[in-house]
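Asks: Got a structure here, written out as structure tokens. Questions coming.
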Amino acid sequence: EDTDNDVKLRSTILSQMIFSEDTLDESGDNDRPLDQRPVTKSVFDLFIQNKHELNKISGDIRSTVLAVTARAGDDETLDFLIGTYKSTSDAELQQDIAAGLTAVRKPDQIDQLIDMFKKSDIIRTQDLSHWFVWLLSNRSARVKTWQWLKDNWTWIEDTFGGDKSFDIFPRYAGQIFSTDRMLSEYKDLFLPMRDEPAL
């Protein structure tokens, strides 16, 4: 019997509690692992209960649940989510899984996702820009994702040069960065291309 407003607020509040990493509760214990903190654990438990039927998780909170799962879960959980992403034909579920996966923080898991960027049997070419932007937005993955763009710019030009999404790569990189060093690197890479119509 919730109002529409309550339903929308619930997902917002849950996202904020997750973002804050729920470090304090009645016990005042800040040192518990991420997957043992009250809200995070509740959300992770929701994933476990619906692991093989992820569509049963409300669409309002599913991407949040999957982000917590990817961040707090182990490599086996990550592999399960990647496998589900590959095998599902549900585009909305795929998008929620991708958004969740790109919330990882462990360096080796970030590397694993970046390694998938050019594997079209996992990430379709038309979906790569979403993965790129979401991983670039992740503070833990930003430097590695930016490095991937610099190292693979020729491939990006070859793959997306005639596509309407080509300018997404420099545009979003420019919106997300916030350090002088990255600004300098950005100028080094993109200023020589400023006369290219597609960019």
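If you're wondering about the labels, chains in the structure tokens are A, B, ... by order shown, residues count from 1 in each chain, ligands from 1 in order shown.
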Do you have, as a tab-separated table, the list of residues of segment 119-157 of chain A lying at most 12 Å from segment 61-67 of chain A, each with its nearest atom pair and that distance in Å to one decimal, counting only C-alpha atoms and ordered by chain then number?

Replies:
residue	atom	partner	partner_atom	distance
A:Trp134	CA	A:Ala67	CA	11.4
A:Leu135	CA	A:Ala67	CA	11.9
A:Asn138	CA	A:Ala67	CA	11.3

Asks: Lys106 of chain A: which residues within 8 Å, counting only C-alpha atoms, same-chain residues fewer than 2 positions away excluded, as a list of chain:residue names?

Replies: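 What passes the distance filter is A:Arg71, A:Val104, A:Asp108, A:Gln109, A:Ile110, A:Ser140.
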
Asks: Near Trp148 of chain A, counting only C-alpha atoms, which residues have an atom at most 12 Å away, once you skip same-chain residues fewer than 5 positions from it, shown as a ChimeraX atom specification?

Replies: /A:110-111,113-118,132,135-136,141-143,153-156,169,173

Asks: Grab the residues selected above and save them as an mmCIF file, in the first residue's frame with C-alpha atoms.

Replies:
data_model
loop_
_atom_site.group_PDB
_atom_site.id
_atom_site.type_symbol
_atom_site.label_atom_id
_atom_site.label_comp_id
_atom_site.auth_asym_id
_atom_site.auth_seq_id
_atom_site.Cartn_x
_atom_site.Cartn_y
_atom_site.Cartn_z
ATOM 1 C CA ILE A 110 38.655 -4.154 -12.381
ATOM 2 C CA ASP A 111 41.330 -5.629 -14.664
ATOM 3 C CA LEU A 113 36.225 -6.195 -16.562
ATOM 4 C CA ILE A 114 38.526 -3.970 -18.610
ATOM 5 C CA ASP A 115 39.893 -7.072 -20.337
ATOM 6 C CA MET A 116 36.325 -7.787 -21.497
ATOM 7 C CA PHE A 117 35.962 -4.432 -23.289
ATOM 8 C CA LYS A 118 37.193 -5.755 -26.633
ATOM 9 C CA PHE A 132 33.227 2.405 -20.211
ATOM 10 C CA LEU A 135 33.698 2.031 -14.937
ATOM 11 C CA LEU A 136 35.218 5.469 -15.547
ATOM 12 C CA ALA A 141 38.588 2.024 -11.581
ATOM 13 C CA ARG A 142 38.998 5.500 -13.074
ATOM 14 C CA VAL A 143 42.766 5.513 -13.620
ATOM 15 C CA TRP A 153 42.352 4.852 -28.901
ATOM 16 C CA THR A 154 43.265 3.526 -32.360
ATOM 17 C CA TRP A 155 40.984 0.527 -31.817
ATOM 18 C CA ILE A 156 38.198 2.865 -30.625
ATOM 19 C CA PHE A 169 34.483 8.438 -25.113
ATOM 20 C CA ALA A 173 36.082 11.303 -19.957
#

Asks: One number please: atom CA of Leu14 of chain A to atom CA of Val39 of chain A, in Å, one decimal.

Replies: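 Here the two named atoms are 8.1 Å from each other.
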
Asks: Taking the DSSP assignment computed from this structure's backbone, write out as a VMD selection string all residues of segment 87-199 of chain A that belong to helix (DSSP H, G or I).

Replies: chain A and resid 87 91 to 101 107 to 115 125 to 137 142 to 151 153 to 160 168 to 176 180 to 193
